[in-house]
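Q: Next comes input_19.cif, mmCIF, C-alpha atoms:
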data_final
#
loop_
_atom_site.group_PDB
_atom_site.id
_atom_site.type_symbol
_atom_site.label_atom_id
_atom_site.label_comp_id
_atom_site.auth_asym_id
_atom_site.auth_seq_id
_atom_site.Cartn_x
_atom_site.Cartn_y
_atom_site.Cartn_z
ATOM 1 C CA MET A 1 77.252 227.116 165.261
ATOM 2 C CA ARG A 2 77.803 224.586 168.017
ATOM 3 C CA SER A 3 75.665 222.089 166.096
ATOM 4 C CA SER A 4 77.853 222.440 162.984
ATOM 5 C CA SER A 5 81.023 221.850 165.000
ATOM 6 C CA LEU A 6 79.562 218.729 166.535
ATOM 7 C CA THR A 7 78.604 217.455 163.082
ATOM 8 C CA ILE A 8 82.143 217.965 161.728
ATOM 9 C CA ILE A 9 83.651 216.227 164.760
ATOM 10 C CA ALA A 10 81.302 213.286 164.273
ATOM 11 C CA LEU A 11 82.184 212.967 160.583
ATOM 12 C CA LEU A 12 85.911 213.023 161.348
ATOM 13 C CA ALA A 13 85.430 210.316 163.922
ATOM 14 C CA ILE A 14 83.747 208.129 161.307
ATOM 15 C CA LEU A 15 86.151 208.850 158.417
ATOM 16 C CA THR A 16 89.408 208.511 160.342
ATOM 17 C CA PRO A 17 89.177 204.726 160.866
ATOM 18 C CA LEU A 18 88.029 204.310 157.275
ATOM 19 C CA GLY A 19 91.053 206.224 155.984
ATOM 20 C CA ALA A 20 93.440 204.277 158.170
ATOM 21 C CA HIS A 21 91.914 201.066 156.939
ATOM 22 C CA ALA A 22 92.369 202.164 153.287
ATOM 23 C CA LEU A 23 96.004 203.084 153.905
ATOM 24 C CA ALA A 24 96.576 199.734 155.538
ATOM 25 C CA GLN A 25 95.117 198.042 152.469
ATOM 26 C CA ASP A 26 97.384 200.042 150.122
ATOM 27 C CA ALA A 27 100.463 199.162 152.124
ATOM 28 C CA ALA A 28 99.680 195.435 152.296
ATOM 29 C CA PRO A 29 101.956 193.197 150.139
ATOM 30 C CA PRO A 30 100.406 191.708 146.987
ATOM 31 C CA SER A 31 98.868 188.325 147.398
ATOM 32 C CA PRO A 32 100.798 185.393 145.850
ATOM 33 C CA PRO A 33 99.597 184.207 142.419
ATOM 34 C CA SER A 34 96.991 181.541 142.394
ATOM 35 C CA ALA A 35 97.649 178.009 141.215
ATOM 36 C CA GLU A 36 95.781 178.811 137.992
ATOM 37 C CA GLU A 37 98.001 181.839 137.314
ATOM 38 C CA VAL A 38 101.163 179.812 137.908
ATOM 39 C CA ALA A 39 99.948 177.084 135.552
ATOM 40 C CA LEU A 40 99.081 179.659 132.889
ATOM 41 C CA ARG A 41 102.524 181.265 133.107
ATOM 42 C CA ARG A 42 104.189 177.873 132.742
ATOM 43 C CA GLU A 43 102.046 177.052 129.740
ATOM 44 C CA ILE A 44 102.957 180.371 128.065
ATOM 45 C CA ALA A 45 106.674 179.754 128.674
ATOM 46 C CA SER A 46 106.351 176.226 127.265
ATOM 47 C CA LEU A 47 104.560 177.498 124.153
ATOM 48 C CA ARG A 48 107.258 180.115 123.560
ATOM 49 C CA ASP A 49 109.964 177.463 123.841
ATOM 50 C CA ARG A 50 108.135 175.156 121.423
ATOM 51 C CA LEU A 51 107.706 178.027 118.954
ATOM 52 C CA ALA A 52 111.429 178.843 119.069
ATOM 53 C CA ARG A 53 112.312 175.179 118.443
ATOM 54 C CA ALA A 54 109.822 174.988 115.582
ATOM 55 C CA GLU A 55 111.288 178.097 113.932
ATOM 56 C CA GLU A 56 114.802 176.654 114.223
ATOM 57 C CA ARG A 57 113.629 173.363 112.689
ATOM 58 C CA ILE A 58 112.016 175.271 109.806
ATOM 59 C CA ARG A 59 115.317 177.049 109.116
ATOM 60 C CA GLN A 60 117.136 173.707 109.108
ATOM 61 C CA LEU A 61 114.624 172.169 106.694
ATOM 62 C CA GLU A 62 114.840 175.177 104.381
ATOM 63 C CA ALA A 63 118.639 174.896 104.386
ATOM 64 C CA GLU A 64 118.422 171.189 103.525
ATOM 65 C CA ARG A 65 115.919 171.980 100.767
ATOM 66 C CA ASP A 66 118.245 174.555 99.179
ATOM 67 C CA ALA A 67 121.197 172.184 99.356
ATOM 68 C CA LEU A 68 119.146 169.426 97.719
ATOM 69 C CA ARG A 69 118.060 171.806 94.955
ATOM 70 C CA ALA A 70 121.685 172.744 94.285
ATOM 71 C CA GLN A 71 122.712 169.074 94.134
ATOM 72 C CA LEU A 72 119.772 168.208 91.890
ATOM 73 C CA THR A 73 120.730 170.986 89.477
ATOM 74 C CA GLU A 74 124.298 169.672 89.299
ATOM 75 C CA ALA A 75 123.040 166.109 88.797
ATOM 76 C CA ARG A 76 120.778 167.205 85.935
ATOM 77 C CA LYS A 77 123.673 169.012 84.241
ATOM 78 C CA GLY A 78 125.821 165.898 84.513
ATOM 79 C CA ALA A 79 123.048 163.661 83.178
ATOM 80 C CA GLN A 80 122.421 165.978 80.230
ATOM 81 C CA ALA A 81 126.106 166.078 79.383
ATOM 82 C CA ALA A 82 126.433 162.282 79.652
ATOM 83 C CA SER A 83 123.455 161.756 77.359
ATOM 84 C CA GLY A 84 124.680 164.290 74.762
ATOM 85 C CA GLY A 85 121.984 166.763 75.649
ATOM 86 C CA GLY A 86 122.328 169.102 72.670
ATOM 87 C CA SER A 87 123.788 172.493 73.544
ATOM 88 C CA GLN A 88 123.739 171.913 77.287
ATOM 89 C CA ALA A 89 126.923 172.821 79.156
ATOM 90 C CA PRO A 90 129.236 169.918 80.085
ATOM 91 C CA SER A 91 129.648 168.860 83.695
ATOM 92 C CA GLU A 92 131.594 171.326 85.781
ATOM 93 C CA GLU A 93 135.319 170.941 86.273
ATOM 94 C CA LEU A 94 136.399 170.817 89.886
ATOM 95 C CA ALA A 95 139.734 171.355 91.585
ATOM 96 C CA PRO A 96 141.348 168.407 93.394
ATOM 97 C CA VAL A 97 140.222 168.129 96.993
ATOM 98 C CA PRO A 98 143.081 169.166 99.336
ATOM 99 C CA ASP A 99 144.335 166.648 101.864
ATOM 100 C CA ASP A 100 144.159 169.211 104.681
ATOM 101 C CA PRO A 101 140.815 168.405 106.384
ATOM 102 C CA PHE A 102 140.358 172.076 107.306
ATOM 103 C CA ALA A 103 140.783 173.346 103.725
ATOM 104 C CA SER A 104 137.127 172.933 102.698
ATOM 105 C CA PRO A 105 133.959 170.980 103.541
ATOM 106 C CA ALA A 106 134.895 168.518 100.779
ATOM 107 C CA SER A 107 138.279 168.028 102.458
ATOM 108 C CA MET A 108 136.626 167.279 105.790
ATOM 109 C CA LEU A 109 134.296 164.756 104.144
ATOM 110 C CA GLN A 110 137.269 163.103 102.465
ATOM 111 C CA GLU A 111 139.128 162.899 105.793
ATOM 112 C CA LEU A 112 136.144 161.414 107.621
ATOM 113 C CA ARG A 113 135.668 158.763 104.947
ATOM 114 C CA LYS A 114 139.351 157.799 105.183
ATOM 115 C CA ARG A 115 139.200 157.530 108.968
ATOM 116 C CA TYR A 116 135.942 155.577 108.863
ATOM 117 C CA GLU A 117 137.394 153.089 106.376
ATOM 118 C CA ILE A 118 140.471 152.552 108.542
ATOM 119 C CA GLU A 119 138.356 152.140 111.687
ATOM 120 C CA PHE A 120 135.665 149.812 110.343
ATOM 121 C CA ALA A 121 137.235 147.944 107.425
ATOM 122 C CA GLY A 122 136.682 144.223 107.882
ATOM 123 C CA LEU A 123 134.509 144.611 110.975
ATOM 124 C CA PRO A 124 131.892 141.800 111.032
ATOM 125 C CA HIS A 125 128.358 142.773 110.111
ATOM 126 C CA ASP A 126 126.632 139.463 109.406
ATOM 127 C CA THR A 127 124.801 138.603 112.654
ATOM 128 C CA ASP A 128 122.461 140.506 114.937
ATOM 129 C CA PRO A 129 125.017 140.762 117.799
ATOM 130 C CA ALA A 130 127.686 141.921 115.330
ATOM 131 C CA ILE A 131 125.337 144.546 113.893
ATOM 132 C CA GLU A 132 124.497 145.924 117.346
ATOM 133 C CA ALA A 133 128.196 146.052 118.269
ATOM 134 C CA TYR A 134 128.928 147.801 114.958
ATOM 135 C CA LYS A 135 126.285 150.439 115.692
ATOM 136 C CA ARG A 136 127.696 151.097 119.162
ATOM 137 C CA ASP A 137 131.176 151.452 117.695
ATOM 138 C CA VAL A 138 129.948 153.958 115.093
ATOM 139 C CA GLN A 139 128.267 156.060 117.786
ATOM 140 C CA ALA A 140 131.454 156.092 119.872
ATOM 141 C CA TRP A 141 133.535 156.910 116.790
ATOM 142 C CA CYS A 142 131.307 159.895 115.946
ATOM 143 C CA ARG A 143 131.722 161.284 119.461
ATOM 144 C CA ASN A 144 135.490 160.824 119.459
ATOM 145 C CA VAL A 145 136.037 162.364 116.037
ATOM 146 C CA SER A 146 133.861 165.357 116.948
ATOM 147 C CA ARG A 147 136.151 166.047 119.902
ATOM 148 C CA GLU A 148 139.405 165.525 118.003
ATOM 149 C CA LEU A 149 138.938 166.948 114.515
ATOM 150 C CA ARG A 150 138.855 170.723 115.006
ATOM 151 C CA GLY A 151 140.977 173.452 113.443
ATOM 152 C CA ARG A 152 141.195 176.757 111.593
ATOM 153 C CA GLY A 153 141.123 177.479 107.867
ATOM 154 C CA GLN A 154 141.675 180.364 105.469
ATOM 155 C CA TRP A 155 139.311 179.906 102.552
ATOM 156 C CA VAL A 156 138.753 181.757 99.310
ATOM 157 C CA VAL A 157 135.030 181.583 98.592
ATOM 158 C CA GLN A 158 132.354 182.697 96.198
ATOM 159 C CA VAL A 159 129.190 184.044 97.785
ATOM 160 C CA LEU A 160 126.397 182.672 95.605
ATOM 161 C CA LYS A 161 123.427 183.834 97.665
ATOM 162 C CA LEU A 162 122.625 185.807 100.797
ATOM 163 C CA GLU A 163 119.382 185.693 102.740
ATOM 164 C CA GLU A 164 118.285 187.304 105.960
ATOM 165 C CA ILE A 165 117.352 184.871 108.724
ATOM 166 C CA PRO A 166 113.855 185.646 110.077
ATOM 167 C CA HIS A 167 113.796 187.020 113.625
ATOM 168 C CA ASP A 168 117.608 187.184 113.733
ATOM 169 C CA ARG A 169 119.172 190.567 113.014
ATOM 170 C CA ARG A 170 122.691 189.370 113.794
ATOM 171 C CA SER A 171 123.045 186.650 111.146
ATOM 172 C CA PHE A 172 122.519 185.870 107.469
ATOM 173 C CA GLU A 173 122.347 182.561 105.665
ATOM 174 C CA ALA A 174 124.907 182.342 102.846
ATOM 175 C CA LEU A 175 125.314 179.858 100.014
ATOM 176 C CA LEU A 176 129.096 179.587 99.643
ATOM 177 C CA ARG A 177 131.621 177.726 97.549
ATOM 178 C CA VAL A 178 135.311 177.221 98.271
ATOM 179 C CA ILE A 179 137.641 178.166 95.391
ATOM 180 C CA ASP A 180 141.169 176.968 94.664
ATOM 181 C CA PRO A 181 142.908 180.342 94.223
ATOM 182 C CA SER A 182 145.691 178.894 92.058
ATOM 183 C CA SER A 183 143.349 177.526 89.396
ATOM 184 C CA GLY A 184 140.117 179.419 90.036
ATOM 185 C CA LEU A 185 138.221 176.114 90.085
ATOM 186 C CA PRO A 186 135.689 175.244 92.803
ATOM 187 C CA ILE A 187 136.510 172.684 95.471
ATOM 188 C CA GLY A 188 133.464 170.494 96.070
ATOM 189 C CA GLN A 189 129.832 171.550 95.986
ATOM 190 C CA PRO A 190 128.134 174.705 97.326
ATOM 191 C CA PHE A 191 127.177 174.631 100.985
ATOM 192 C CA LEU A 192 125.074 176.701 103.368
ATOM 193 C CA ALA A 193 126.561 178.570 106.305
ATOM 194 C CA THR A 194 125.550 181.246 108.783
ATOM 195 C CA ILE A 195 127.613 184.447 108.723
ATOM 196 C CA ASP A 196 127.476 187.684 110.715
ATOM 197 C CA ALA A 197 125.134 190.391 109.469
ATOM 198 C CA SER A 198 128.034 192.862 109.344
ATOM 199 C CA ASP A 199 129.951 190.575 106.946
ATOM 200 C CA ALA A 200 126.839 190.001 104.845
ATOM 201 C CA ARG A 201 126.195 193.733 104.505
ATOM 202 C CA GLN A 202 129.819 194.328 103.501
ATOM 203 C CA ILE A 203 129.605 191.608 100.854
ATOM 204 C CA GLU A 204 126.363 193.084 99.539
ATOM 205 C CA ARG A 205 127.809 196.590 99.506
ATOM 206 C CA LEU A 206 130.974 195.559 97.618
ATOM 207 C CA LYS A 207 129.511 192.827 95.384
ATOM 208 C CA ASP A 208 130.305 194.766 92.204
ATOM 209 C CA ARG A 209 133.924 195.241 93.277
ATOM 210 C CA PHE A 210 134.776 191.806 94.649
ATOM 211 C CA HIS A 211 133.623 188.443 93.302
ATOM 212 C CA TYR A 212 135.838 186.435 95.657
ATOM 213 C CA TRP A 213 136.413 186.670 99.392
ATOM 214 C CA LYS A 214 139.032 185.341 101.788
ATOM 215 C CA ALA A 215 137.373 184.081 104.947
ATOM 216 C CA SER A 216 138.780 183.025 108.300
ATOM 217 C CA VAL A 217 136.834 180.048 109.582
ATOM 218 C CA MET A 218 136.858 177.694 112.551
ATOM 219 C CA VAL A 219 136.114 174.147 111.384
ATOM 220 C CA ALA A 220 134.830 171.215 113.434
ATOM 221 C CA ALA A 221 133.822 167.756 112.276
ATOM 222 C CA THR A 222 130.382 166.668 113.485
ATOM 223 C CA PRO A 223 129.686 163.211 111.972
ATOM 224 C CA ARG A 224 126.209 162.031 112.941
ATOM 225 C CA TYR A 225 125.059 158.532 113.794
ATOM 226 C CA ASN A 226 122.082 157.519 111.634
ATOM 227 C CA GLU A 227 120.702 154.048 112.270
ATOM 228 C CA GLN A 228 118.695 154.151 109.021
ATOM 229 C CA ARG A 229 121.600 155.097 106.720
ATOM 230 C CA VAL A 230 123.284 152.077 105.137
ATOM 231 C CA ASP A 231 124.285 153.512 101.734
ATOM 232 C CA GLU A 232 124.571 156.764 99.773
ATOM 233 C CA GLY A 233 120.938 156.944 98.713
ATOM 234 C CA VAL A 234 119.527 158.657 95.619
ATOM 235 C CA PHE A 235 120.450 162.281 96.355
ATOM 236 C CA GLU A 236 123.435 161.632 98.655
ATOM 237 C CA HIS A 237 122.149 164.191 101.164
ATOM 238 C CA PRO A 238 123.540 164.580 103.687
ATOM 239 C CA PRO A 239 126.782 163.139 102.303
ATOM 240 C CA PHE A 240 127.441 159.536 103.275
ATOM 241 C CA VAL A 241 130.519 158.821 105.408
ATOM 242 C CA GLY A 242 129.930 155.133 105.984
ATOM 243 C CA ARG A 243 127.336 152.679 107.257
ATOM 244 C CA TYR A 244 125.185 154.378 109.957
ATOM 245 C CA CYS A 245 127.123 157.635 109.626
ATOM 246 C CA ASP A 246 126.141 160.943 107.982
ATOM 247 C CA PHE A 247 128.504 163.802 107.267
ATOM 248 C CA GLY A 248 128.344 166.848 109.510
ATOM 249 C CA ILE A 249 130.480 169.962 109.862
ATOM 250 C CA GLU A 250 130.355 173.127 111.976
ATOM 251 C CA LEU A 251 131.707 176.367 110.501
ATOM 252 C CA ASP A 252 132.267 179.611 112.373
ATOM 253 C CA PHE A 253 133.235 182.402 109.986
ATOM 254 C CA LYS A 254 135.067 185.334 111.576
ATOM 255 C CA ARG A 255 135.923 187.738 108.781
ATOM 256 C CA PHE A 256 135.534 188.268 105.027
ATOM 257 C CA VAL A 257 138.107 190.235 103.020
ATOM 258 C CA GLY A 258 137.623 190.999 99.332
ATOM 259 C CA VAL A 259 140.045 189.377 96.855
ATOM 260 C CA PRO A 260 140.626 191.078 93.467
ATOM 261 C CA ASP A 261 139.797 188.982 90.408
ATOM 262 C CA ASP A 262 143.385 189.139 89.112
ATOM 263 C CA LYS A 263 144.563 187.255 92.229
ATOM 264 C CA ILE A 264 142.488 184.212 91.273
ATOM 265 C CA GLY A 265 143.793 181.740 88.633
ATOM 266 C CA LYS A 266 141.981 181.171 85.367
ATOM 267 C CA GLY A 267 138.488 180.857 86.758
ATOM 268 C CA SER A 268 135.946 183.385 85.524
ATOM 269 C CA PRO A 269 134.165 185.573 88.123
ATOM 270 C CA PRO A 270 130.818 184.310 89.383
ATOM 271 C CA ALA A 271 127.604 186.299 89.245
ATOM 272 C CA PRO A 272 127.341 188.912 92.015
ATOM 273 C CA ALA A 273 125.700 187.823 95.234
ATOM 274 C CA ARG A 274 122.118 188.961 95.611
ATOM 275 C CA ARG A 275 120.021 189.302 98.731
ATOM 276 C CA ARG A 276 116.437 188.130 98.422
#
Let me see whether you can do it: turn the structure in this file into structure tokens.
A:
Amino acid sequence: MRSSSLTIIALLAILTPLGAHALAQDAAPPSPPSAEEVALRREIASLRDRLARAEERIRQLEAERDALRAQLTEARKGAQAASGGGSQAPSEELAPVPDDPFASPASMLQELRKRYEIEFAGLPHDTDPAIEAYKRDVQAWCRNVSRELRGRGQWVVQVLKLEEIPHDRRSFEALLRVIDPSSGLPIGQPFLATIDASDARQIERLKDRFHYWKASVMVAATPRYNEQRVDEGVFEHPPFVGRYCDFGIELDFKRFVGVPDDKIGKGSPPAPARRR
């Protein structure tokens, strides 16, 4: 019996330091990450940022593609009508563009072209120093106009197409067209805009009831300096403001309210919006 007690005491004497050592190890703070781990984390963060930028660029290119397709379709219709293309429909009638720059994208483009012409008419452009000075002036003009030309509009629009934006549950991409409510005729060409998902779902839900919508929108001019742009080009996309200057506009839609067909002039209702 005495031998067993001595054995137990001996084992406790051995295990006690080991247990204390284990507890000390558990309580010790984690070691800082190695240089390799830090580098790996930075690389992962960089890759995620590059992926996000690439996805945004893809969305921009897709939007430009759709706008070009819409313009090409209109150009083909006009060419067919001009050449007496059989039973093809004549070119579309448009409403006059309002003078208010915040009345439509076409109005903003018209305003920017007027301001550009006033600012740069007669400016020399025949020597290398004059060209460089002209470019600097266009860049400064773009910045100034972007700060100054901002306002609010109330637009009546057709919603021609709705598409979900990948990886973005809060927004939809919409192909819109501003309508002159007095005549029912479109003002300018269709354009792409981002709208809230809640508005898009309402439009989709009520598409058989309303073909027109009144939208509150914040409008800001964003003309862009483009050193390569010296004329309209073949497709006129983006629209040409003046030498070295492309058209740009920012639109922030706040609310869409359905407008009954009988409140719109003589224009016929468009096809219902469809979500792809």
Q: Neighbours of Tyr116 in chain A within 12 Å (only C-alpha atoms; same-chain residues fewer than 6 positions away dropped), as a list in words?
A: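 The residues that qualify are Leu109, Gln110, Gly122, Leu123, Asp137, Val138, Gln139, Ala140, Trp141, Cys142, Asn144, Val145, Pro223, Phe240, Val241, Gly242, Arg243, Tyr244, Cys245, Asp246 and Phe247 of chain A.
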Q: Smallest atom-to-atom distance to Ser146 in chain A: which of A:Gly233, A:Arg48, A:Asp196, A:Leu112, using all atoms listed in the file?
A: A:Leu112
Q: Could you give me, as a PyMOL selection string, the residues within 8 Å of range 181-189 of chain A, counting all atoms listed in the file and dropping anything in the same chain fewer than 2 positions from it?
A: chain A and resi 71+93-97+104-106+156+177-179+191+263-268
Q: Those selected residues, please, written with C-alpha atoms and delivered as a tab-separated table (two decimals), in the coordinates of the input.
A:
chain	number	residue	atom	x	y	z
A	71	GLN	CA	122.71	169.07	94.13
A	93	GLU	CA	135.32	170.94	86.27
A	94	LEU	CA	136.40	170.82	89.89
A	95	ALA	CA	139.73	171.36	91.58
A	96	PRO	CA	141.35	168.41	93.39
A	97	VAL	CA	140.22	168.13	96.99
A	104	SER	CA	137.13	172.93	102.70
A	105	PRO	CA	133.96	170.98	103.54
A	106	ALA	CA	134.90	168.52	100.78
A	156	VAL	CA	138.75	181.76	99.31
A	177	ARG	CA	131.62	177.73	97.55
A	178	VAL	CA	135.31	177.22	98.27
A	179	ILE	CA	137.64	178.17	95.39
A	191	PHE	CA	127.18	174.63	100.98
A	263	LYS	CA	144.56	187.26	92.23
A	264	ILE	CA	142.49	184.21	91.27
A	265	GLY	CA	143.79	181.74	88.63
A	266	LYS	CA	141.98	181.17	85.37
A	267	GLY	CA	138.49	180.86	86.76
A	268	SER	CA	135.95	183.38	85.52
Q: If you take every atom of range 228-241 of chain A that the file lists and fit an axis-aligned box around them with 5 Å extra on each side, what centre and edge lengths come out in Å to one decimal, as JSON?
A:
{"center_x": 124.6, "center_y": 158.3, "center_z": 102.3, "size_x": 21.8, "size_y": 22.5, "size_z": 23.4}
Q: Could you tell me how far CA of Glu43 in chain A sits from CA of Pro166 in chain A, in Å to one decimal place?
A: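 Spanning CA of Pro166 in chain A to CA of Glu43 in chain A is a straight-line distance of 24.5 Å.
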Q: A:Pro260, A:Pro238, A:Gly151, A:Pro190: which is nearest Val217 in chain A, counting only C-alpha atoms?
A: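 The answer is A:Gly151, which sits nearest to Val217 in chain A.
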Q: Separation of CA of Leu162 in chain A and CA of Pro101 in chain A, in Å?
A: 25.8 Å
Q: What's the separation between CA of Glu132 in chain A and CA of Phe235 in chain A, in Å to one decimal place?
A: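 Answer for the CA of Glu132 in chain A to CA of Phe235 in chain A separation: 26.9 Å.
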Q: With all atoms listed in the file as the basis for distance, which of A:Ala221, A:Ala45, A:Ala215, A:Ala130 is at the shortest distance from Gly258 in chain A?
A: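 Smallest distance to Gly258 in chain A is found for A:Ala215.
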Q: Please reconstruct the missing atoms of range 132-149 of chain A (target: N, CA and C atoms) and return them as a PDB file, in the frame of the given file.
A:
ATOM      1  N   GLU A 132     124.680 145.042 116.188  1.00  0.00           N
ATOM      2  CA  GLU A 132     124.497 145.924 117.346  1.00  0.00           C
ATOM      3  C   GLU A 132     125.837 146.450 117.850  1.00  0.00           C
ATOM      4  N   ALA A 133     126.865 145.603 117.853  1.00  0.00           N
ATOM      5  CA  ALA A 133     128.196 146.052 118.269  1.00  0.00           C
ATOM      6  C   ALA A 133     128.740 147.084 117.291  1.00  0.00           C
ATOM      7  N   TYR A 134     128.491 146.869 116.001  1.00  0.00           N
ATOM      8  CA  TYR A 134     128.928 147.801 114.958  1.00  0.00           C
ATOM      9  C   TYR A 134     128.284 149.169 115.182  1.00  0.00           C
ATOM     10  N   LYS A 135     126.997 149.177 115.463  1.00  0.00           N
ATOM     11  CA  LYS A 135     126.285 150.439 115.692  1.00  0.00           C
ATOM     12  C   LYS A 135     126.861 151.182 116.895  1.00  0.00           C
ATOM     13  N   ARG A 136     127.122 150.452 117.973  1.00  0.00           N
ATOM     14  CA  ARG A 136     127.696 151.097 119.162  1.00  0.00           C
ATOM     15  C   ARG A 136     129.067 151.693 118.848  1.00  0.00           C
ATOM     16  N   ASP A 137     129.849 150.957 118.055  1.00  0.00           N
ATOM     17  CA  ASP A 137     131.176 151.452 117.695  1.00  0.00           C
ATOM     18  C   ASP A 137     131.083 152.719 116.834  1.00  0.00           C
ATOM     19  N   VAL A 138     130.110 152.763 115.930  1.00  0.00           N
ATOM     20  CA  VAL A 138     129.948 153.958 115.093  1.00  0.00           C
ATOM     21  C   VAL A 138     129.557 155.168 115.951  1.00  0.00           C
ATOM     22  N   GLN A 139     128.650 154.966 116.900  1.00  0.00           N
ATOM     23  CA  GLN A 139     128.267 156.060 117.786  1.00  0.00           C
ATOM     24  C   GLN A 139     129.461 156.594 118.566  1.00  0.00           C
ATOM     25  N   ALA A 140     130.276 155.670 119.112  1.00  0.00           N
ATOM     26  CA  ALA A 140     131.454 156.092 119.872  1.00  0.00           C
ATOM     27  C   ALA A 140     132.452 156.803 118.955  1.00  0.00           C
ATOM     28  N   TRP A 141     132.605 156.299 117.742  1.00  0.00           N
ATOM     29  CA  TRP A 141     133.535 156.910 116.790  1.00  0.00           C
ATOM     30  C   TRP A 141     133.103 158.333 116.447  1.00  0.00           C
ATOM     31  N   CYS A 142     131.814 158.548 116.241  1.00  0.00           N
ATOM     32  CA  CYS A 142     131.307 159.895 115.946  1.00  0.00           C
ATOM     33  C   CYS A 142     131.637 160.857 117.086  1.00  0.00           C
ATOM     34  N   ARG A 143     131.431 160.420 118.317  1.00  0.00           N
ATOM     35  CA  ARG A 143     131.722 161.284 119.461  1.00  0.00           C
ATOM     36  C   ARG A 143     133.212 161.610 119.541  1.00  0.00           C
ATOM     37  N   ASN A 144     134.050 160.609 119.344  1.00  0.00           N
ATOM     38  CA  ASN A 144     135.490 160.824 119.459  1.00  0.00           C
ATOM     39  C   ASN A 144     136.013 161.757 118.366  1.00  0.00           C
ATOM     40  N   VAL A 145     135.571 161.532 117.145  1.00  0.00           N
ATOM     41  CA  VAL A 145     136.037 162.364 116.037  1.00  0.00           C
ATOM     42  C   VAL A 145     135.576 163.812 116.221  1.00  0.00           C
ATOM     43  N   SER A 146     134.362 163.999 116.726  1.00  0.00           N
ATOM     44  CA  SER A 146     133.861 165.357 116.948  1.00  0.00           C
ATOM     45  C   SER A 146     134.723 166.118 117.948  1.00  0.00           C
ATOM     46  N   ARG A 147     135.277 165.390 118.921  1.00  0.00           N
ATOM     47  CA  ARG A 147     136.151 166.047 119.902  1.00  0.00           C
ATOM     48  C   ARG A 147     137.541 166.325 119.327  1.00  0.00           C
ATOM     49  N   GLU A 148     138.020 165.448 118.453  1.00  0.00           N
ATOM     50  CA  GLU A 148     139.405 165.525 118.003  1.00  0.00           C
ATOM     51  C   GLU A 148     139.609 166.409 116.773  1.00  0.00           C
ATOM     52  N   LEU A 149     138.698 166.356 115.829  1.00  0.00           N
ATOM     53  CA  LEU A 149     138.938 166.948 114.515  1.00  0.00           C
ATOM     54  C   LEU A 149     138.400 168.381 114.461  1.00  0.00           C
TER      55      LEU A 149
END
